[in-house]
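Participant: What follows is protein_29.cif; its format and atoms are mmCIF, C-alpha atoms.
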```cif
data_protein
#
loop_
_atom_site.label_atom_id
_atom_site.label_comp_id
_atom_site.auth_asym_id
_atom_site.auth_seq_id
_atom_site.Cartn_x
_atom_site.Cartn_y
_atom_site.Cartn_z
CA MET T 270 159.14 5.30 194.73
CA SER T 271 156.70 7.16 192.51
CA ARG T 272 156.36 10.89 192.84
CA PRO T 273 153.38 12.33 194.72
CA THR T 274 150.66 13.63 192.42
CA LEU T 275 148.66 16.83 192.40
CA ASP T 276 145.44 17.26 190.42
CA PHE T 277 145.32 20.66 188.71
CA TYR T 278 141.80 21.77 187.75
CA LEU T 279 142.01 24.51 185.15
CA GLU T 280 139.42 26.43 183.13
CA PHE T 281 140.50 28.34 180.04
CA ALA T 282 138.15 31.26 180.76
CA SER T 283 139.58 31.64 184.28
CA THR T 284 141.92 34.57 184.76
CA TYR T 285 143.99 33.32 187.69
CA SER T 286 144.40 29.97 185.93
CA TYR T 287 146.69 31.80 183.47
CA PRO T 288 149.67 32.39 185.82
CA ALA T 289 149.04 29.02 187.46
CA ALA T 290 149.19 27.15 184.14
CA MET T 291 152.29 29.00 183.00
CA ARG T 292 154.18 28.28 186.24
CA ILE T 293 153.05 24.92 187.59
CA GLY T 294 155.29 22.81 185.35
CA ALA T 295 158.53 24.35 186.60
CA LEU T 296 157.43 24.56 190.23
CA ALA T 297 156.15 20.98 190.31
CA ALA T 298 159.35 19.68 188.73
CA ALA T 299 161.39 21.50 191.38
CA ALA T 300 159.16 20.08 194.14
CA GLY T 301 159.21 16.54 192.74
CA VAL T 302 155.45 16.44 192.15
CA ALA T 303 153.66 14.88 189.18
CA VAL T 304 150.80 17.11 188.02
CA ARG T 305 147.62 15.69 186.49
CA TRP T 306 146.11 18.43 184.33
CA ARG T 307 142.32 18.32 184.62
CA PRO T 308 140.69 20.83 182.24
CA PHE T 309 137.06 21.35 183.23
CA LEU T 310 134.24 23.84 182.76
CA LEU T 311 133.22 26.30 185.46
CA GLY T 312 129.99 27.19 183.66
CA PRO T 313 127.94 24.25 184.98
CA ILE T 314 129.31 24.79 188.50
CA PHE T 315 128.55 28.51 188.39
CA LYS T 316 125.09 27.75 187.01
CA ALA T 317 124.42 25.52 190.03
CA GLN T 318 125.29 28.59 192.17
CA GLY T 319 122.79 30.71 190.25
CA TRP T 320 125.32 32.54 188.06
CA ASP T 321 125.03 32.71 184.28
CA ASN T 322 128.12 34.87 183.81
CA SER T 323 131.53 35.32 185.40
CA PRO T 324 131.21 36.60 188.98
CA PHE T 325 133.78 39.21 187.91
CA ASN T 326 131.17 40.60 185.51
CA ILE T 327 128.25 40.15 187.92
CA TYR T 328 130.11 42.01 190.72
CA PRO T 329 131.91 44.94 189.04
CA ALA T 330 133.90 46.12 192.08
CA LYS T 331 135.33 42.62 192.43
CA GLY T 332 135.94 42.42 188.69
CA ASN T 333 137.76 45.75 188.55
CA TYR T 334 139.95 44.65 191.41
CA MET T 335 140.68 41.28 189.82
CA TRP T 336 141.99 42.87 186.62
CA ARG T 337 144.28 45.18 188.58
CA ASP T 338 145.43 42.34 190.84
CA LEU T 339 146.15 40.07 187.89
CA ASP T 340 148.09 42.85 186.19
CA ARG T 341 150.22 43.27 189.34
CA ILE T 342 150.79 39.50 189.62
CA CYS T 343 151.82 39.15 185.99
CA GLY T 344 154.12 42.18 186.32
CA ARG T 345 155.82 40.65 189.33
CA LEU T 346 156.19 37.29 187.57
CA GLU T 347 157.29 38.91 184.30
CA LEU T 348 154.40 37.29 182.44
CA PRO T 349 152.95 39.34 179.58
CA PHE T 350 149.36 40.34 180.23
CA ARG T 351 146.57 41.73 178.10
CA ARG T 352 142.98 41.82 179.29
CA PRO T 353 140.86 39.52 177.07
CA ASP T 354 138.02 41.20 175.22
CA PRO T 355 135.34 39.94 175.34
CA PHE T 356 135.49 38.35 178.77
CA PRO T 357 134.85 35.58 179.55
CA GLN T 358 135.64 33.71 176.35
CA SER T 359 133.97 30.46 175.47
CA SER T 360 136.31 27.72 176.61
CA LEU T 361 134.32 24.68 175.50
CA LEU T 362 136.24 23.70 172.36
CA ALA T 363 139.60 24.57 173.94
CA ALA T 364 138.81 22.30 176.89
CA ARG T 365 137.79 19.44 174.61
CA LEU T 366 140.97 19.86 172.56
CA ALA T 367 143.01 19.90 175.76
CA HIS T 368 141.60 16.48 176.66
CA VAL T 369 142.54 15.19 173.21
CA GLY T 370 146.04 16.60 173.68
CA LEU T 371 146.47 15.19 177.16
CA ASP T 372 145.57 11.80 175.74
CA GLU T 373 148.06 12.18 172.89
CA GLY T 374 151.02 13.77 174.67
CA TRP T 375 150.69 17.41 173.57
CA GLY T 376 148.10 18.54 176.10
CA GLU T 377 150.18 20.55 178.56
CA ASP T 378 151.89 22.50 175.77
CA PHE T 379 148.48 23.14 174.24
CA CYS T 380 147.08 24.42 177.55
CA ARG T 381 149.94 26.88 177.90
CA ALA T 382 149.51 27.95 174.28
CA VAL T 383 145.80 28.64 174.85
CA TYR T 384 146.50 30.79 177.91
CA ALA T 385 149.27 32.68 176.11
CA ALA T 386 147.00 33.32 173.12
CA GLU T 387 144.23 34.58 175.39
CA PHE T 388 146.09 36.57 178.04
CA ALA T 389 149.31 37.61 176.30
CA ASP T 390 148.44 37.89 172.61
CA GLY T 391 144.84 39.10 172.76
CA ARG T 392 143.53 36.32 170.54
CA SER T 393 140.04 34.87 170.80
CA ILE T 394 140.21 31.32 172.11
CA SER T 395 136.50 30.92 171.37
CA GLU T 396 137.35 30.64 167.68
CA GLU T 397 138.07 27.33 166.04
CA ASP T 398 140.59 28.88 163.64
CA VAL T 399 142.67 30.24 166.49
CA LEU T 400 142.65 26.89 168.29
CA ALA T 401 143.52 25.07 165.07
CA ASP T 402 146.53 27.40 164.69
CA LEU T 403 147.70 26.57 168.20
CA VAL T 404 147.40 22.83 167.58
CA TYR T 405 149.20 23.16 164.25
CA ASP T 406 152.04 25.11 165.89
CA LEU T 407 152.63 22.11 168.15
CA GLY T 408 153.24 19.95 165.08
CA VAL T 409 149.90 18.18 165.40
CA ALA T 410 147.38 17.58 162.59
CA ALA T 411 144.68 20.10 163.47
CA GLU T 412 141.87 18.53 161.43
CA SER T 413 142.01 15.17 163.14
CA ALA T 414 142.47 16.78 166.58
CA LEU T 415 139.37 18.91 166.00
CA ALA T 416 137.41 15.90 164.77
CA ARG T 417 138.35 13.96 167.87
CA ALA T 418 137.53 16.98 170.10
CA ARG T 419 133.97 16.72 168.76
CA SER T 420 133.68 12.99 169.37
CA ALA T 421 131.29 11.57 171.95
CA GLU T 422 134.27 10.08 173.80
CA ILE T 423 135.90 13.48 174.40
CA LYS T 424 132.64 15.31 175.09
CA GLU T 425 131.91 12.73 177.77
CA ARG T 426 135.42 12.99 179.17
CA LEU T 427 135.05 16.74 179.67
CA CYS T 428 131.62 16.29 181.25
CA ALA T 429 133.00 13.63 183.56
CA THR T 430 135.95 15.83 184.56
CA THR T 431 133.58 18.69 185.37
CA ALA T 432 131.33 16.40 187.41
CA GLU T 433 134.39 14.99 189.18
CA ALA T 434 135.59 18.51 190.03
CA GLN T 435 132.21 19.48 191.43
CA ALA T 436 131.96 16.26 193.44
CA ARG T 437 135.40 16.91 194.95
CA GLY T 438 134.38 20.39 196.13
CA VAL T 439 135.76 22.55 193.32
CA PHE T 440 133.95 25.91 193.13
CA GLY T 441 136.47 28.02 191.21
CA ALA T 442 139.68 27.84 189.23
CA PRO T 443 142.49 27.14 189.42
CA THR T 444 142.06 24.44 192.06
CA PHE T 445 144.66 21.95 193.25
CA ILE T 446 143.76 18.68 195.00
CA CYS T 447 146.35 16.46 196.69
CA ALA T 448 146.17 12.66 196.78
CA ASP T 449 144.73 12.82 200.32
CA GLY T 450 141.89 15.07 199.11
CA GLU T 451 143.30 18.32 200.52
CA LEU T 452 142.01 21.15 198.31
CA PHE T 453 143.68 24.46 197.55
CA TRP T 454 141.93 27.21 195.58
CA GLY T 455 143.64 29.90 193.59
CA HIS T 456 147.00 30.73 192.07
CA ASP T 457 147.86 32.13 195.53
CA ARG T 458 147.76 28.62 196.97
CA MET T 459 149.76 26.78 194.31
CA ALA T 460 153.03 26.73 196.26
CA GLU T 461 151.19 25.61 199.39
CA ALA T 462 149.47 22.82 197.44
CA LEU T 463 152.82 21.57 196.11
CA ALA T 464 154.29 21.67 199.62
CA TRP T 465 151.30 19.74 200.95
CA ALA T 466 151.63 17.11 198.21
CA VAL T 467 155.18 16.21 199.27
CA ARG T 468 154.86 16.54 203.04
CA PRO T 469 155.49 13.44 205.15
CA ALA T 470 152.20 11.79 206.13
CA GLY T 471 150.78 13.13 209.37
CA GLN T 472 153.08 16.14 209.47
CA PRO T 473 151.68 19.65 209.45
CA VAL T 474 152.96 21.67 206.54
CA ILE T 475 154.84 24.89 207.13
CA ALA T 476 154.69 26.84 203.89
CA SER T 477 155.84 30.37 203.24
CA ALA T 478 153.04 32.90 203.65
CA MET K 97 159.50 62.75 207.16
CA SER K 98 156.19 61.21 208.19
CA ARG K 99 155.66 57.51 207.65
CA PRO K 100 153.56 56.34 204.72
CA THR K 101 150.04 55.35 205.70
CA LEU K 102 147.90 52.35 204.86
CA ASP K 103 144.13 52.28 205.38
CA PHE K 104 143.01 48.95 206.83
CA TYR K 105 139.30 48.20 206.29
CA LEU K 106 138.19 45.51 208.71
CA GLU K 107 134.84 43.90 209.49
CA PHE K 108 134.40 41.94 212.71
CA ALA K 109 132.27 39.27 211.07
CA SER K 110 134.93 38.68 208.41
CA THR K 111 136.96 35.54 208.84
CA TYR K 112 140.14 36.50 206.99
CA SER K 113 140.15 39.83 208.85
CA TYR K 114 141.09 37.84 211.96
CA PRO K 115 144.67 36.90 210.99
CA ALA K 116 145.08 40.30 209.30
CA ALA K 117 144.08 42.20 212.43
CA MET K 118 146.28 40.09 214.68
CA ARG K 119 149.37 40.54 212.46
CA ILE K 120 149.19 43.98 210.85
CA GLY K 121 150.56 45.89 213.83
CA ALA K 122 153.86 44.03 213.94
CA LEU K 123 154.28 43.84 210.16
CA ALA K 124 153.49 47.53 209.67
CA ALA K 125 155.92 48.55 212.41
CA ALA K 126 158.64 46.49 210.75
CA ALA K 127 157.85 48.06 207.38
CA GLY K 128 157.69 51.62 208.76
CA VAL K 129 154.04 52.07 207.80
CA ALA K 130 151.36 53.86 209.84
CA VAL K 131 148.07 51.94 209.72
CA ARG K 132 144.70 53.70 209.89
CA TRP K 133 142.20 51.16 211.23
CA ARG K 134 138.86 51.65 209.43
CA PRO K 135 136.19 49.36 210.93
CA PHE K 136 133.23 49.18 208.56
CA LEU K 137 130.21 46.99 207.82
CA LEU K 138 130.13 44.59 204.90
CA GLY K 139 126.38 44.07 205.26
CA PRO K 140 125.31 47.16 203.28
CA ILE K 141 127.91 46.42 200.59
CA PHE K 142 126.81 42.79 200.31
CA LYS K 143 123.19 43.93 200.20
CA ALA K 144 123.99 46.15 197.23
CA GLN K 145 125.32 42.98 195.55
CA GLY K 146 122.08 41.15 196.28
CA TRP K 147 123.33 39.12 199.25
CA ASP K 148 121.56 39.05 202.61
CA ASN K 149 123.98 36.60 204.22
CA SER K 150 127.68 35.78 204.11
CA PRO K 151 128.67 34.47 200.67
CA PHE K 152 130.35 31.64 202.59
CA ASN K 153 126.87 30.57 203.73
CA ILE K 154 125.22 31.26 200.38
CA TYR K 155 127.83 29.15 198.50
CA PRO K 156 128.53 26.11 200.72
CA ALA K 157 131.43 24.68 198.69
CA LYS K 158 133.22 28.00 199.00
CA GLY K 159 132.32 28.23 202.68
CA ASN K 160 133.57 24.72 203.48
CA TYR K 161 136.82 25.56 201.74
CA MET K 162 137.19 28.86 203.57
CA TRP K 163 136.96 27.21 206.99
CA ARG K 164 139.60 24.67 206.04
CA ASP K 165 141.82 27.32 204.48
CA LEU K 166 141.54 29.58 207.53
CA ASP K 167 142.37 26.65 209.80
CA ARG K 168 145.51 25.97 207.74
CA ILE K 169 146.50 29.66 207.79
CA CYS K 170 146.05 29.95 211.54
CA GLY K 171 147.99 26.73 212.07
CA ARG K 172 150.88 28.03 210.02
CA LEU K 173 150.85 31.37 211.86
CA GLU K 174 150.40 29.71 215.26
CA LEU K 175 147.18 31.63 215.85
CA PRO K 176 144.51 29.80 217.85
CA PHE K 177 141.39 29.14 215.80
CA ARG K 178 137.87 28.07 216.62
CA ARG K 179 135.06 28.31 214.11
CA PRO K 180 132.47 30.86 215.35
CA ASP K 181 128.98 29.50 215.89
CA PRO K 182 126.70 31.02 214.73
CA PHE K 183 128.36 32.52 211.69
CA PRO K 184 128.36 35.33 210.78
CA GLN K 185 127.99 37.15 214.06
CA SER K 186 126.42 40.57 214.28
CA SER K 187 129.28 43.05 214.21
CA LEU K 188 127.32 46.29 214.51
CA LEU K 189 127.93 47.15 218.16
CA ALA K 190 131.53 45.93 218.03
CA ALA K 191 132.21 48.21 215.06
CA ARG K 192 130.65 51.19 216.81
CA LEU K 193 132.69 50.50 219.94
CA ALA K 194 135.82 50.22 217.82
CA HIS K 195 135.21 53.72 216.50
CA VAL K 196 134.84 54.97 220.06
CA GLY K 197 138.07 53.25 220.99
CA LEU K 198 139.99 54.52 217.99
CA ASP K 199 138.94 58.02 219.01
CA GLU K 200 140.04 57.44 222.60
CA GLY K 201 143.30 55.54 222.12
CA TRP K 202 142.21 51.97 222.92
CA GLY K 203 140.73 51.05 219.55
CA GLU K 204 143.42 48.80 218.08
CA ASP K 205 143.67 46.74 221.27
CA PHE K 206 139.89 46.46 221.31
CA CYS K 207 139.80 45.26 217.69
CA ARG K 208 142.33 42.53 218.46
CA ALA K 209 140.38 41.59 221.58
CA VAL K 210 137.15 41.24 219.57
CA TYR K 211 138.81 38.98 217.00
CA ALA K 212 140.43 36.86 219.71
CA ALA K 213 137.11 36.50 221.54
CA GLU K 214 135.35 35.47 218.33
CA PHE K 215 137.93 33.25 216.60
CA ALA K 216 140.07 31.94 219.47
CA ASP K 217 137.77 31.83 222.49
CA GLY K 218 134.43 30.96 220.90
CA ARG K 219 132.62 33.92 222.48
CA SER K 220 129.68 35.69 220.88
CA ILE K 221 130.70 39.18 219.82
CA SER K 222 127.06 39.97 219.02
CA GLU K 223 126.39 40.23 222.75
CA GLU K 224 126.72 43.49 224.60
CA ASP K 225 127.92 41.74 227.78
CA VAL K 226 130.82 40.14 225.95
CA LEU K 227 131.85 43.43 224.38
CA ALA K 228 131.53 45.22 227.72
CA ASP K 229 133.92 42.62 229.21
CA LEU K 230 136.45 43.24 226.46
CA VAL K 231 136.28 47.02 227.01
CA TYR K 232 136.56 46.58 230.76
CA ASP K 233 139.61 44.34 230.35
CA LEU K 234 141.34 47.23 228.56
CA GLY K 235 140.90 49.36 231.67
CA VAL K 236 138.15 51.44 230.09
CA ALA K 237 134.79 52.33 231.67
CA ALA K 238 132.43 50.09 229.74
CA GLU K 239 129.19 51.95 230.52
CA SER K 240 130.35 55.25 229.07
CA ALA K 241 131.98 53.55 226.09
CA LEU K 242 128.72 51.73 225.32
CA ALA K 243 126.72 54.94 225.73
CA ARG K 244 129.02 56.72 223.30
CA ALA K 245 128.85 53.76 220.89
CA ARG K 246 125.11 54.39 220.68
CA SER K 247 125.44 58.12 220.10
CA ALA K 248 124.42 59.70 216.82
CA GLU K 249 128.02 60.86 216.33
CA ILE K 250 129.41 57.31 216.38
CA LYS K 251 126.54 55.78 214.39
CA GLU K 252 127.18 58.37 211.70
CA ARG K 253 130.91 57.74 211.79
CA LEU K 254 130.42 54.04 211.12
CA CYS K 255 127.94 54.79 208.32
CA ALA K 256 130.40 57.25 206.81
CA THR K 257 133.28 54.77 207.02
CA THR K 258 131.16 52.13 205.29
CA ALA K 259 130.13 54.60 202.55
CA GLU K 260 133.78 55.64 202.18
CA ALA K 261 134.87 52.02 201.81
CA GLN K 262 132.23 51.35 199.17
CA ALA K 263 133.12 54.54 197.27
CA ARG K 264 136.80 53.53 197.25
CA GLY K 265 135.99 50.15 195.70
CA VAL K 266 135.94 47.91 198.79
CA PHE K 267 133.88 44.76 198.16
CA GLY K 268 135.19 42.43 200.88
CA ALA K 269 137.36 42.34 203.98
CA PRO K 270 140.07 42.77 204.92
CA THR K 271 140.99 45.44 202.38
CA PHE K 272 144.08 47.63 202.39
CA ILE K 273 144.27 50.94 200.49
CA CYS K 274 147.52 52.86 200.03
CA ALA K 275 147.77 56.67 199.95
CA ASP K 276 147.84 56.57 196.13
CA GLY K 277 144.56 54.64 196.07
CA GLU K 278 146.09 51.25 195.26
CA LEU K 279 143.76 48.60 196.71
CA PHE K 280 144.64 45.14 197.99
CA TRP K 281 142.01 42.62 199.06
CA GLY K 282 142.51 39.82 201.51
CA HIS K 283 144.89 38.69 204.22
CA ASP K 284 146.90 37.15 201.37
CA ARG K 285 147.73 40.62 200.06
CA MET K 286 148.67 42.32 203.35
CA ALA K 287 152.44 41.99 202.85
CA GLU K 288 152.11 43.22 199.28
CA ALA K 289 150.05 46.21 200.43
CA LEU K 290 152.69 47.15 203.01
CA ALA K 291 155.43 46.85 200.38
CA TRP K 292 153.41 49.03 198.01
CA ALA K 293 152.88 51.66 200.71
CA VAL K 294 156.63 52.19 201.17
CA ARG K 295 157.82 51.81 197.60
CA PRO K 296 159.54 54.79 195.95
CA ALA K 297 157.06 56.71 193.78
CA GLY K 298 156.92 55.44 190.20
CA GLN K 299 158.75 52.21 190.99
CA PRO K 300 157.14 48.85 190.39
CA VAL K 301 156.93 46.77 193.53
CA ILE K 302 158.56 43.37 193.67
CA ALA K 303 156.93 41.46 196.51
CA SER K 304 157.46 37.86 197.46
CA ALA K 305 154.87 35.58 195.89
#
```
With the file now loaded, output its structure as structure tokens.
Facilitator:
Amino acid sequence: MSRPTLDFYLEFASTYSYPAAMRIGALAAAAGVAVRWRPFLLGPIFKAQGWDNSPFNIYPAKGNYMWRDLDRICGRLELPFRRPDPFPQSSLLAARLAHVGLDEGWGEDFCRAVYAAEFADGRSISEEDVLADLVYDLGVAAESALARARSAEIKERLCATTAEAQARGVFGAPTFICADGELFWGHDRMAEALAWAVRPAGQPVIASA
Amino acid sequence: MSRPTLDFYLEFASTYSYPAAMRIGALAAAAGVAVRWRPFLLGPIFKAQGWDNSPFNIYPAKGNYMWRDLDRICGRLELPFRRPDPFPQSSLLAARLAHVGLDEGWGEDFCRAVYAAEFADGRSISEEDVLADLVYDLGVAAESALARARSAEIKERLCATTAEAQARGVFGAPTFICADGELFWGHDRMAEALAWAVRPAGQPVIASA
């Protein structure tokens, strides 16, 4: 029998996507769940809500809290954490490269490398040179990956993934959607999403709080 | 030695304040924490952010998710749940009555009764008659409680609590603030807030995820 799947919608500018991306591989393996990584862009979804910036910048009290909360979470999980500056970073090229990588077998490692560069190493993931370094470090030819990232095929794939996310009810990141359509928002809900994905049909899920 | 304290900022129109209010008494007792219930109004704080309605109404995708998420949480915690209609309900008189009750020793029971009426029983907590019933059921003279709720003293107390919340960085409900100023937002963070409140000074807290 094939493993249950969980769609993982991630955005490279999203802060809480960082711990989610770093942890989901191990947790999903332990739970017996196959994860489909779905890099998308929050910008168009936020724009539809009337925002032209991160809500964490628009609402400073919420933003201040988020940075402190993320620092606490990373401390507890023993993940290195450095606040990106500037924030948010442009995630467009990173997201396109991630789709190239997911097509070619190096996508998940690339996603983790982008988050580590941004949130642990203080590098600017908006810059092509930085992204090229990350691709190169995975043993992949950076020039051809970048060329493909700029192809119409990949641009359309990222647009389609973003439209798909919006159509399925995604309004933030990270978001997890089970095969039955059940949606979970936030790093806080990752364990619950994995538990839901493997629950027997028709059974209520009892997850840890 | 006196128990450590935790300030609990609650808003009667706030959905995630419902499970927090129903559970914090037992969890705080188990943790050895004294909770200061601080009923406040989110309206003025939301207004300062440019919102004149619940963000769950302003952003429908987020609102749809919240109702589903709250239903799952209540199911897991075996709390009855019915979606209030209309939403949000006016919480002004309930919050004033809560301040009367907290002054007179029946406040915490009243807060729980308001949340149960709103989220379990489908009653309208905007209505004076409903609130009078809840006060009466606690064995308290409803007429004098309502008269005091409308006094300048109590109106000012609620205003001051709201201003205090805003000054301390509260931007949503429920919010928990430890004696050292550490702030935790959301029902999701209640256990972490209680763990923080009792941790030895200078020690990092390791809470369950």
Participant: Which one is closest to T:Arg351: T:Ala462, T:Ala386, T:Leu311, T:Ile327? Count only C-alpha atoms.
Facilitator: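 Between T:Ala462, T:Ala386, T:Leu311, T:Ile327, the residue approaching T:Arg351 most closely is T:Ala386.
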Participant: Kindly determine which residues of chain T lie within 7 Å of chain K, considering only C-alpha atoms, and give the answer as an mmCIF file with C-alpha atoms, keeping the file's coordinate frame.
Facilitator:
```cif
data_model
loop_
_atom_site.group_PDB
_atom_site.id
_atom_site.type_symbol
_atom_site.label_atom_id
_atom_site.label_comp_id
_atom_site.auth_asym_id
_atom_site.auth_seq_id
_atom_site.Cartn_x
_atom_site.Cartn_y
_atom_site.Cartn_z
ATOM 1 C CA GLN T 318 125.290 28.590 192.170
ATOM 2 C CA TYR T 328 130.110 42.010 190.720
ATOM 3 C CA ALA T 330 133.900 46.120 192.080
ATOM 4 C CA LYS T 331 135.330 42.620 192.430
ATOM 5 C CA ARG T 345 155.820 40.650 189.330
ATOM 6 C CA GLY T 438 134.380 20.390 196.130
ATOM 7 C CA PHE T 440 133.950 25.910 193.130
ATOM 8 C CA ILE T 475 154.840 24.890 207.130
#
```
Participant: Using Å and a single decimal, report how far atom CA of T:Thr444 sits from atom CA of T:Glu396.
Facilitator: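 So the answer is 25.6 Å.
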Participant: Quote the spacing between atom CA of K:Asp148 and atom CA of K:Tyr211 in Å to one decimal place.
Facilitator: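 Rounded to one decimal, the two atoms are 22.5 Å apart.
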Participant: Give as number ranges by chain the residues that the PyMOL selection byres ((chain T and resi 370) around 12) matches when applied to the coordinates above.
Facilitator: T: 306-308, 363-369, 371-382, 403-405, 407-411, 413-415, 417-418, 423
Participant: So that I can see what lies close to stretch 286-297 of chain T, please list as a count of residues only the residues with an atom at most 8 Å from it, counting all atoms listed in the file and leaving out residues fewer than 6 positions away in the same chain.
Facilitator: 18
Participant: Neighbouring residues of K:Glu214 were defined as those with any atom within 9 Å, considering all atoms listed in the file; residues of the same chain fewer than 3 positions away were excluded. Please report them as a list in words.
Facilitator: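 Once the adjacent positions are removed, what remains is Phe108, Ala109, Tyr114, Arg178, Arg179, Pro180, Gln185, Ala209, Val210, Tyr211, Asp217, Gly218, Arg219, Ser220 and Ile221 of chain K.
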Participant: My list of candidates is K:Ser187, K:Thr257, K:Ser247, K:Thr101. Which is closest to K:Leu227 when distances are computed with all atoms listed in the file?
Facilitator: K:Ser187
Participant: Have a look at T:Pro355, T:Asn322, T:Ser271, T:Tyr278 and name the one nearest to T:Ala434; count all atoms listed in the file.
Facilitator: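 Nearest candidate to T:Ala434 out of T:Pro355, T:Asn322, T:Ser271, T:Tyr278: T:Tyr278.
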Participant: Would you mind reading off the distance between atom CA of T:Phe350 and atom CA of T:Ala389, one decimal, in Å?
Facilitator: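 Between atom CA of T:Phe350 and atom CA of T:Ala389 the gap is 4.8 Å.
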Participant: Check the smallest atom-to-atom distance from each of T:Cys447, T:Ala401, T:Ala470, T:Leu310 to T:Lys424 using only C-alpha atoms, then report the winner.
Facilitator: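 Selected residue with least distance to T:Lys424: T:Leu310.
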Participant: From the options K:Arg295, K:Lys143, K:Arg253, K:Arg246, which residue's atoms come nearest to K:Pro100, counting all atoms listed in the file?
Facilitator: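 Looking at the shortest contact to K:Pro100, the residue is K:Arg295.
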